[in-house]
$ cat my_file-v7.pdb   # PDB, C-alpha atoms and all ligand atoms
ATOM      1  CA  MET A1025      23.799  -3.569  23.391
ATOM      2  CA  ALA A1026      21.043  -3.222  20.796
ATOM      3  CA  PHE A1027      20.994  -4.959  17.460
ATOM      4  CA  LEU A1028      19.627  -4.490  13.988
ATOM      5  CA  ARG A1029      18.629  -7.348  11.719
ATOM      6  CA  VAL A1030      19.583  -6.591   8.148
ATOM      7  CA  ILE A1031      18.571  -8.569   5.068
ATOM      8  CA  ASP A1032      21.058  -7.997   2.276
ATOM      9  CA  ARG A1033      20.289  -7.950  -1.452
ATOM     10  CA  ASP A1034      21.006 -11.696  -1.632
ATOM     11  CA  GLY A1035      18.332 -12.365   0.962
ATOM     12  CA  LYS A1036      20.805 -13.217   3.713
ATOM     13  CA  GLU A1037      20.029 -11.991   7.227
ATOM     14  CA  HIS A1038      22.745 -10.419   9.372
ATOM     15  CA  ARG A1039      22.692  -9.310  13.008
ATOM     16  CA  VAL A1040      24.655  -6.123  13.493
ATOM     17  CA  GLU A1041      25.148  -3.792  16.412
ATOM     18  CA  GLY A1042      23.009  -0.672  16.148
ATOM     19  CA  LYS A1043      24.625   2.585  17.126
ATOM     20  CA  SER A1044      22.396   4.445  19.510
ATOM     21  CA  GLY A1045      21.791   8.074  18.665
ATOM     22  CA  LEU A1046      22.970   7.612  15.080
ATOM     23  CA  LYS A1047      20.840   7.162  12.013
ATOM     24  CA  VAL A1048      20.243   3.583  10.897
ATOM     25  CA  MET A1049      21.872   4.596   7.595
ATOM     26  CA  GLU A1050      25.165   5.239   9.392
ATOM     27  CA  THR A1051      25.289   1.628  10.520
ATOM     28  CA  LEU A1052      24.197   0.265   7.130
ATOM     29  CA  ARG A1053      26.706   2.414   5.245
ATOM     30  CA  ASP A1054      29.618   0.730   7.054
ATOM     31  CA  LEU A1055      28.590  -2.752   5.911
ATOM     32  CA  ASP A1056      29.921  -4.346   2.712
ATOM     33  CA  TYR A1057      26.367  -5.332   1.814
ATOM     34  CA  GLY A1058      24.863  -2.072   3.088
ATOM     35  CA  VAL A1059      23.730   1.161   1.485
ATOM     36  CA  ALA A1060      25.631   3.792  -0.520
ATOM     37  CA  ALA A1061      24.038   6.807   1.198
ATOM     38  CA  ILE A1062      25.512   9.142  -1.392
ATOM     39  CA  CYS A1063      24.020  12.363  -0.017
ATOM     40  CA  GLY A1064      25.231  11.614   3.507
ATOM     41  CA  GLY A1065      21.795  11.785   5.063
ATOM     42  CA  MET A1066      20.422  14.945   3.485
ATOM     43  CA  CYS A1067      17.241  13.196   2.330
ATOM     44  CA  SER A1068      18.004  13.829  -1.330
ATOM     45  CA  CYS A1069      19.505  10.667  -2.912
ATOM     46  CA  ALA A1070      17.365   7.728  -1.713
ATOM     47  CA  THR A1071      20.379   5.399  -1.921
ATOM     48  CA  CYS A1072      19.708   4.495   1.723
ATOM     49  CA  HIS A1073      16.316   2.986   0.860
ATOM     50  CA  VAL A1074      15.196   0.064   3.019
ATOM     51  CA  TYR A1075      12.021  -1.904   3.638
ATOM     52  CA  VAL A1076      11.029  -2.018   7.288
ATOM     53  CA  ASP A1077       9.649  -5.280   8.565
ATOM     54  CA  PRO A1078       5.855  -4.807   8.883
ATOM     55  CA  ASP A1079       6.004  -5.675  12.606
ATOM     56  CA  TRP A1080       8.220  -2.642  13.128
ATOM     57  CA  GLN A1081       6.549  -0.110  10.861
ATOM     58  CA  GLU A1082       4.178   1.240  13.515
ATOM     59  CA  ARG A1083       6.937   1.497  16.080
ATOM     60  CA  LEU A1084       8.938   4.016  14.075
ATOM     61  CA  PRO A1085       8.167   7.726  13.952
ATOM     62  CA  SER A1086       6.205   8.529  10.805
ATOM     63  CA  PRO A1087       8.150   9.812   7.812
ATOM     64  CA  MET A1088       8.218  13.558   7.174
ATOM     65  CA  SER A1089       6.771  14.882   3.934
ATOM     66  CA  ASP A1090      10.158  15.321   2.199
ATOM     67  CA  GLU A1091      11.060  11.688   2.909
ATOM     68  CA  LEU A1092       7.715  10.482   1.602
ATOM     69  CA  GLU A1093       7.981  12.619  -1.508
ATOM     70  CA  LEU A1094      11.371  11.163  -2.392
ATOM     71  CA  LEU A1095      10.288   7.602  -1.630
ATOM     72  CA  ARG A1096       7.217   7.824  -3.828
ATOM     73  CA  GLU A1097       9.361   8.723  -6.822
ATOM     74  CA  LEU A1098      11.209   5.400  -6.572
ATOM     75  CA  SER A1099      10.330   2.536  -8.880
ATOM     76  CA  GLN A1100      10.979   0.135  -5.973
ATOM     77  CA  TYR A1101       8.670   1.986  -3.569
ATOM     78  CA  GLN A1102       6.534  -0.128  -1.247
ATOM     79  CA  ASP A1103       4.221   0.707   1.654
ATOM     80  CA  ASN A1104       6.982  -0.197   4.109
ATOM     81  CA  SER A1105       9.691   1.826   2.349
ATOM     82  CA  ARG A1106      11.811   4.185   4.462
ATOM     83  CA  LEU A1107      14.976   6.172   4.037
ATOM     84  CA  SER A1108      17.318   4.776   6.658
ATOM     85  CA  CYS A1109      18.975   8.187   7.060
ATOM     86  CA  GLN A1110      15.713   9.448   8.524
ATOM     87  CA  ILE A1111      15.471   6.778  11.235
ATOM     88  CA  GLU A1112      17.383   7.384  14.436
ATOM     89  CA  PHE A1113      18.444   4.196  16.135
ATOM     90  CA  THR A1114      17.650   3.962  19.852
ATOM     91  CA  PRO A1115      17.786   1.058  22.324
ATOM     92  CA  ALA A1116      13.988   0.822  21.947
ATOM     93  CA  LEU A1117      14.595  -0.320  18.373
ATOM     94  CA  ASP A1118      16.595  -3.368  19.462
ATOM     95  CA  GLY A1119      15.747  -6.098  16.953
ATOM     96  CA  LEU A1120      14.581  -3.741  14.200
ATOM     97  CA  ARG A1121      14.535  -5.709  10.937
ATOM     98  CA  VAL A1122      15.162  -3.977   7.628
ATOM     99  CA  THR A1123      15.755  -5.203   4.095
ATOM    100  CA  ILE A1124      18.119  -3.304   1.828
ATOM    101  CA  ALA A1125      16.051  -2.232  -1.189
ATOM    102  CA  PRO A1126      17.281  -3.082  -4.708
ATOM    103  CA  ASP A1127      19.325  -0.490  -6.567
ATOM    104  CA  GLU A1128      17.226   1.899  -8.621
TER
HETATM  105  S1  LIG W1201      21.444   9.061   2.494
HETATM  106 FE1  LIG W1201      20.642  10.162   0.830
HETATM  107  S2  LIG W1201      18.512  10.102   1.188
HETATM  108 FE2  LIG W1201      19.335   8.960   2.820
END

$ encode --input "my_file-v7.pdb" --output "structure tokens" --more "lines below"
Ligand code: FES
Amino acid sequence: MAFLRVIDRDGKEHRVEGKSGLKVMETLRDLDYGVAAICGGMCSCATCHVYVDPDWQERLPSPMSDELELLRELSQYQDNSRLSCQIEFTPALDGLRVTIAPDE
């Protein structure tokens, strides 16, 4: 079983089971402290915005141009920003640590 480490908006860290083959967003969306994911993963709402722990940034596939474009429009954008609907969870990502970004 592979796990995600999720920091909520209050700064509290949670360990949750990652669902292999699903987007990270789909796991975060089910949590009370998770993400809204309004567009359902269509890369158009940015309500699934997370910050990826710097140790993990290089281990994820690079963002596509449409993801980057949307991220860069956000006032809360940082170098380690990602849309969690664009990250597929796999067993290789066991221990991935993400922080839920503040609401826009
Ligand atoms: S769920 Fe809308 S951009 Fe990710």

$ residues_around --input "my_file-v7.pdb" --residues "A:Met1025" --least-positions-apart "3" --cutoff "12 Å" --atoms "all atoms listed in the file" --output "ChimeraX atom specification"
/A:1028,1039-1044,1113-1119

$ closest_residue --input "my_file-v7.pdb" --among "A:Cys1072, A:Leu1095, A:Ile1111, A:Cys1067" --to "A:Asp1054" --atoms "all atoms listed in the file"
A:Cys1072

$ residues_near_ligand --input "my_file-v7.pdb" --ligand "ligand LIG 1201 (chain W)" --cutoff "10 Å" --atoms "all atoms listed in the file" --output "VMD selection string"
chain A and resid 1047 to 1050 1053 1059 to 1074 1090 to 1091 1094 to 1095 1106 to 1111

$ residues_around --input "my_file-v7.pdb" --residues "stretch 1081-1085 of chain A" --least-positions-apart "2" --cutoff "10 Å" --atoms "all atoms listed in the file" --output "mmCIF file with C-alpha atoms, keeping the file's coordinate frame"
data_model
loop_
_atom_site.group_PDB
_atom_site.id
_atom_site.type_symbol
_atom_site.label_atom_id
_atom_site.label_comp_id
_atom_site.auth_asym_id
_atom_site.auth_seq_id
_atom_site.Cartn_x
_atom_site.Cartn_y
_atom_site.Cartn_z
ATOM 1 C CA TYR A 1075 12.021 -1.904 3.638
ATOM 2 C CA VAL A 1076 11.029 -2.018 7.288
ATOM 3 C CA ASP A 1077 9.649 -5.280 8.565
ATOM 4 C CA PRO A 1078 5.855 -4.807 8.883
ATOM 5 C CA ASP A 1079 6.004 -5.675 12.606
ATOM 6 C CA PRO A 1087 8.150 9.812 7.812
ATOM 7 C CA MET A 1088 8.218 13.558 7.174
ATOM 8 C CA ASP A 1103 4.221 0.707 1.654
ATOM 9 C CA ASN A 1104 6.982 -0.197 4.109
ATOM 10 C CA SER A 1105 9.691 1.826 2.349
ATOM 11 C CA ARG A 1106 11.811 4.185 4.462
ATOM 12 C CA GLN A 1110 15.713 9.448 8.524
ATOM 13 C CA ILE A 1111 15.471 6.778 11.235
ATOM 14 C CA GLU A 1112 17.383 7.384 14.436
ATOM 15 C CA PHE A 1113 18.444 4.196 16.135
ATOM 16 C CA ALA A 1116 13.988 0.822 21.947
ATOM 17 C CA LEU A 1117 14.595 -0.320 18.373
ATOM 18 C CA LEU A 1120 14.581 -3.741 14.200
ATOM 19 C CA ARG A 1121 14.535 -5.709 10.937
ATOM 20 C CA VAL A 1122 15.162 -3.977 7.628
#

$ atom_distance --input "my_file-v7.pdb" --atom1 "atom CA of A:Leu1052" --atom2 "atom CA of A:Trp1080"
17.3 Å

$ atom_distance --input "my_file-v7.pdb" --atom1 "atom CA of A:Glu1128" --atom2 "atom CA of A:Glu1037"
21.3 Å

$ atom_distance --input "my_file-v7.pdb" --atom1 "atom CA of A:Phe1027" --atom2 "atom CA of A:Leu1098"
27.9 Å

$ axis_aligned_box --input "my_file-v7.pdb" --around "stretch 1084-1093 of chain A" --padding-each-side "4 Å" --output "JSON"
{"center_x": 8.6, "center_y": 9.7, "center_z": 6.3, "size_x": 12.9, "size_y": 19.3, "size_z": 23.6}

$ closest_residue --input "my_file-v7.pdb" --among "A:Val1030, A:Leu1046, A:Lys1036, A:Tyr1101" --to "A:Gly1058" --atoms "all atoms listed in the file"
A:Val1030

$ closest_residue --input "my_file-v7.pdb" --among "A:Ala1026, A:Arg1033, A:Asp1056, A:Ser1086" --to "A:Pro1126" --atoms "all atoms listed in the file"
A:Arg1033

$ build_atoms --input "my_file-v7.pdb" --residues "stretch 1086-1106 of chain A" --atoms "N, CA and C atoms" --output "tab-separated table (two decimals), keeping the file's coordinate frame"
chain	number	residue	atom	x	y	z
A	1086	SER	N	6.67	8.43	12.19
A	1086	SER	CA	6.20	8.53	10.80
A	1086	SER	C	7.17	9.35	9.97
A	1087	PRO	N	7.27	9.04	8.68
A	1087	PRO	CA	8.15	9.81	7.81
A	1087	PRO	C	7.65	11.24	7.63
A	1088	MET	N	8.57	12.18	7.48
A	1088	MET	CA	8.22	13.56	7.17
A	1088	MET	C	7.86	13.64	5.70
A	1089	SER	N	7.26	14.77	5.31
A	1089	SER	CA	6.77	14.88	3.93
A	1089	SER	C	7.89	14.81	2.90
A	1090	ASP	N	9.08	15.36	3.20
A	1090	ASP	CA	10.16	15.32	2.20
A	1090	ASP	C	10.66	13.90	1.98
A	1091	GLU	N	10.67	13.10	3.05
A	1091	GLU	CA	11.06	11.69	2.91
A	1091	GLU	C	10.04	10.95	2.04
A	1092	LEU	N	8.78	11.16	2.36
A	1092	LEU	CA	7.72	10.48	1.60
A	1092	LEU	C	7.73	10.85	0.13
A	1093	GLU	N	7.93	12.13	-0.12
A	1093	GLU	CA	7.98	12.62	-1.51
A	1093	GLU	C	9.06	11.91	-2.31
A	1094	LEU	N	10.24	11.81	-1.72
A	1094	LEU	CA	11.37	11.16	-2.39
A	1094	LEU	C	11.09	9.67	-2.58
A	1095	LEU	N	10.58	9.04	-1.54
A	1095	LEU	CA	10.29	7.60	-1.63
A	1095	LEU	C	9.29	7.29	-2.74
A	1096	ARG	N	8.29	8.12	-2.86
A	1096	ARG	CA	7.22	7.82	-3.83
A	1096	ARG	C	7.67	7.98	-5.27
A	1097	GLU	N	8.81	8.62	-5.47
A	1097	GLU	CA	9.36	8.72	-6.82
A	1097	GLU	C	10.12	7.46	-7.24
A	1098	LEU	N	10.38	6.58	-6.28
A	1098	LEU	CA	11.21	5.40	-6.57
A	1098	LEU	C	10.40	4.31	-7.25
A	1099	SER	N	11.03	3.63	-8.21
A	1099	SER	CA	10.33	2.54	-8.88
A	1099	SER	C	10.16	1.34	-7.94
A	1100	GLN	N	11.02	1.27	-6.91
A	1100	GLN	CA	10.98	0.14	-5.97
A	1100	GLN	C	10.19	0.49	-4.69
A	1101	TYR	N	9.43	1.56	-4.76
A	1101	TYR	CA	8.67	1.99	-3.57
A	1101	TYR	C	7.64	0.95	-3.14
A	1102	GLN	N	7.58	0.73	-1.83
A	1102	GLN	CA	6.53	-0.13	-1.25
A	1102	GLN	C	5.96	0.59	-0.02
A	1103	ASP	N	4.85	0.08	0.48
A	1103	ASP	CA	4.22	0.71	1.65
A	1103	ASP	C	5.15	0.77	2.87
A	1104	ASN	N	6.07	-0.17	2.95
A	1104	ASN	CA	6.98	-0.20	4.11
A	1104	ASN	C	8.36	0.39	3.78
A	1105	SER	N	8.43	1.16	2.71
A	1105	SER	CA	9.69	1.83	2.35
A	1105	SER	C	10.03	2.94	3.34
A	1106	ARG	N	11.31	3.04	3.68
A	1106	ARG	CA	11.81	4.18	4.46
A	1106	ARG	C	13.21	4.53	3.99
